[in-house]
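Everything on this sheet refers to the single structure shown next.
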Amino acid sequence: MIRYIGILLLTFALVDAASSEQELARYWDYNGDGKEDLRYEDAEDYSSYFEYLDRNFDGKEDYRTQYDAGSDWPIQGLSDDNFDGNYETRYIYQNAEVIAIVTDSSGDGNYDIAHYYEVGLITRSVKYSLDGGTPFLQTVTYLFGFPISTSRRETSETPSQFHKSLKSRMPLNQNMPLKPSNRVAGEVVPEPDGAND
Ligand SMILES: [Ca+2]
Ligand SMILES: [Ca+2]
Ligand SMILES: [Ca+2]
């Protein structure tokens, strides 16, 4: 009997230690390789918080989103979808919904692809290309998320002018740095029940 009580107490002690550690650290290791895959961090003024994800489990963050602390609505996001350590894609939100996703696909520092959304559905995509020396824009329009027409026209804009015209139409709070943080991965704890609560 005493042995069972001992085991029971030990179990409670372990569960307790694990949960208090998680509250402090707010990071989780989903594949158990000792490197954190999901982490939350408060902004300095506590008005928002950041979510960092390592989706390919290589130990480097590749997806980050900033949320409003009061509403938990997303404010802005970044993703590194080719996992080269550089964020090339920016998610632009308004009233908790993504309104545009812009990508620097060539890595020259200029956004060259833009997807536009309304009430969660993609409505239009534009890609700036320089193939053959002449800059042109390819546009795809969508209905209920399905592409219904494409067009192509030449443009006089340079890559940086196209980038600037995209940026000028973004909400002003879209300024999260594109560079990932050079943070050293901390000690991690096992995935708890209800990690996504
Ligand atoms: Ca991991
Ligand atoms: Ca990664
Ligand atoms: Ca990248």
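Naming scheme: A, B, ... for chains in displayed order of the structure tokens; residues 1 onward per chain; ligands 1 onward as shown.
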>> Within 7 Å of ligand 2 (counting only C-alpha atoms and all ligand atoms), which residues show up? I'd like them as a PyMOL selection string.
In response: chain A and resi 54-62+83
> Excluding same-chain residues fewer than 2 positions from Gly77 of chain A, what lies within 12 Å of it counting only C-alpha atoms, as a PyMOL selection string?
Replying inline: chain A and resi 49-53+62-67+73-75+79-80+87-94+96-103+173-178+180
Once you count only C-alpha atoms and all ligand atoms, which residues end up within 9 Å of ligand 1, and could you hand them over as a PDB file with C-alpha atoms, in the first residue's frame?
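Saved to result.pdb:
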ATOM      1  CA  TRP A  28       7.490  22.377 -26.758  1.00  0.00           C
ATOM      2  CA  ASP A  29       9.445  19.639 -28.476  1.00  0.00           C
ATOM      3  CA  TYR A  30       6.976  17.651 -30.560  1.00  0.00           C
ATOM      4  CA  ASN A  31       9.332  15.122 -32.157  1.00  0.00           C
ATOM      5  CA  GLY A  32      11.397  14.565 -29.009  1.00  0.00           C
ATOM      6  CA  ASP A  33      14.786  15.407 -30.532  1.00  0.00           C
ATOM      7  CA  GLY A  34      15.675  17.866 -27.764  1.00  0.00           C
ATOM      8  CA  LYS A  35      15.108  20.954 -29.955  1.00  0.00           C
ATOM      9  CA  GLU A  36      12.079  23.173 -29.449  1.00  0.00           C
ATOM     10  CA  ASP A  37       9.542  23.207 -32.299  1.00  0.00           C
ATOM     11  CA  LEU A  38       6.940  25.608 -30.893  1.00  0.00           C
ATOM     12  CA  ASP A  54      10.136  24.839 -36.568  1.00  0.00           C
ATOM     13  CA  ASN A  56      10.776  20.719 -40.568  1.00  0.00           C
ATOM     14  CA  PHE A  57      12.417  19.901 -37.203  1.00  0.00           C
ATOM     15  CA  ASP A  58      15.872  21.103 -38.198  1.00  0.00           C
ATOM     16  CA  GLY A  59      16.254  23.151 -35.003  1.00  0.00           C
ATOM     17  CA  VAL A 188      12.999  21.489 -23.845  1.00  0.00           C
TER      18      VAL A 188
END
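Among A:Asp131, A:Glu157, A:Glu44, A:Asp81, the residue with the shortest atom-to-atom distance to ligand 3, counting only C-alpha atoms and all ligand atoms, is A:Asp81.
Computed from the coordinates, the atom CA of Lys167 of chain A to atom CA of Val126 of chain A distance equals 13.9 Å.
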>> What parts of segment 84-181 of chain A does DSSP call alpha helix (DSSP H)? I'd like the answer as a ChimeraX atom specification.
In response: /A:159-168
Let me see the file: selected residues, C-alpha atoms, as a PDB file, in the first residue's frame.
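This is the output file again34.pdb:
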ATOM      1  CA  PRO A 159      11.839  45.014 -59.286  1.00  0.00           C
ATOM      2  CA  SER A 160      12.344  47.534 -56.464  1.00  0.00           C
ATOM      3  CA  GLN A 161       9.522  49.780 -57.743  1.00  0.00           C
ATOM      4  CA  PHE A 162       7.155  46.796 -57.776  1.00  0.00           C
ATOM      5  CA  HIS A 163       8.323  45.911 -54.239  1.00  0.00           C
ATOM      6  CA  LYS A 164       7.756  49.490 -53.054  1.00  0.00           C
ATOM      7  CA  SER A 165       4.299  49.695 -54.604  1.00  0.00           C
ATOM      8  CA  LEU A 166       3.353  46.451 -52.783  1.00  0.00           C
ATOM      9  CA  LYS A 167       4.725  47.769 -49.495  1.00  0.00           C
ATOM     10  CA  SER A 168       2.957  51.107 -49.858  1.00  0.00           C
TER      11      SER A 168
END
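If you measure from each of A:Tyr46, A:Ser125, A:Gly107, A:Ser156 to ligand 3 using only C-alpha atoms and all ligand atoms, the closest one turns out to be A:Gly107.
A straight line drawn from atom CA of Val119 of chain A to atom CA of Pro171 of chain A is 16.7 Å long.
Between atom CA of Thr155 of chain A and atom CA of Leu121 of chain A there is a distance of 26.9 Å.
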Those of segment 58-135 of chain A in DSSP strand (DSSP E or B), formatted as a PDB file with C-alpha atoms, in the first residue's frame:
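New file part17.pdb:
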ATOM      1  CA  TYR A  63       7.425  30.336 -39.246  1.00  0.00           C
ATOM      2  CA  ARG A  64       6.582  33.165 -36.894  1.00  0.00           C
ATOM      3  CA  THR A  65       3.369  35.009 -36.141  1.00  0.00           C
ATOM      4  CA  GLN A  66       2.716  38.030 -33.968  1.00  0.00           C
ATOM      5  CA  TYR A  67      -0.613  38.052 -32.101  1.00  0.00           C
ATOM      6  CA  ASP A  68      -2.457  40.789 -30.257  1.00  0.00           C
ATOM      7  CA  PRO A  74      -2.824  37.535 -35.661  1.00  0.00           C
ATOM      8  CA  ILE A  75      -1.176  40.848 -36.575  1.00  0.00           C
ATOM      9  CA  GLN A  76       1.540  39.760 -38.964  1.00  0.00           C
ATOM     10  CA  GLY A  77       3.495  36.678 -39.964  1.00  0.00           C
ATOM     11  CA  LEU A  78       6.612  35.438 -41.722  1.00  0.00           C
ATOM     12  CA  SER A  79       7.550  32.091 -43.212  1.00  0.00           C
ATOM     13  CA  THR A  89       7.192  35.342 -47.291  1.00  0.00           C
ATOM     14  CA  ARG A  90       5.187  37.848 -45.277  1.00  0.00           C
ATOM     15  CA  TYR A  91       1.581  37.403 -44.129  1.00  0.00           C
ATOM     16  CA  ILE A  92      -0.449  40.573 -43.814  1.00  0.00           C
ATOM     17  CA  TYR A  93      -3.507  40.547 -41.581  1.00  0.00           C
ATOM     18  CA  GLN A  94      -6.368  42.910 -40.978  1.00  0.00           C
ATOM     19  CA  GLU A  97      -7.837  37.686 -41.442  1.00  0.00           C
ATOM     20  CA  VAL A  98      -5.010  37.399 -43.900  1.00  0.00           C
ATOM     21  CA  ILE A  99      -5.484  39.999 -46.643  1.00  0.00           C
ATOM     22  CA  ALA A 100      -2.238  39.446 -48.536  1.00  0.00           C
ATOM     23  CA  ILE A 101       0.759  37.135 -48.706  1.00  0.00           C
ATOM     24  CA  VAL A 102       3.848  38.524 -50.403  1.00  0.00           C
ATOM     25  CA  THR A 103       6.992  36.598 -51.342  1.00  0.00           C
ATOM     26  CA  ILE A 113       4.739  37.534 -55.813  1.00  0.00           C
ATOM     27  CA  ALA A 114       1.581  38.781 -54.121  1.00  0.00           C
ATOM     28  CA  HIS A 115      -1.571  36.860 -53.258  1.00  0.00           C
ATOM     29  CA  TYR A 116      -4.656  38.812 -52.180  1.00  0.00           C
ATOM     30  CA  TYR A 117      -7.476  37.487 -50.009  1.00  0.00           C
ATOM     31  CA  GLU A 118     -10.972  38.542 -49.057  1.00  0.00           C
ATOM     32  CA  LEU A 121     -10.507  33.311 -49.911  1.00  0.00           C
ATOM     33  CA  ILE A 122      -7.821  34.030 -52.467  1.00  0.00           C
ATOM     34  CA  THR A 123      -9.063  36.550 -55.047  1.00  0.00           C
ATOM     35  CA  ARG A 124      -5.984  37.519 -57.080  1.00  0.00           C
ATOM     36  CA  SER A 125      -2.321  36.655 -57.539  1.00  0.00           C
ATOM     37  CA  VAL A 126       0.298  38.819 -59.225  1.00  0.00           C
ATOM     38  CA  LYS A 127       3.836  37.812 -60.149  1.00  0.00           C
ATOM     39  CA  TYR A 128       6.537  40.170 -61.360  1.00  0.00           C
ATOM     40  CA  SER A 129       8.941  38.516 -63.817  1.00  0.00           C
TER      41      SER A 129
END
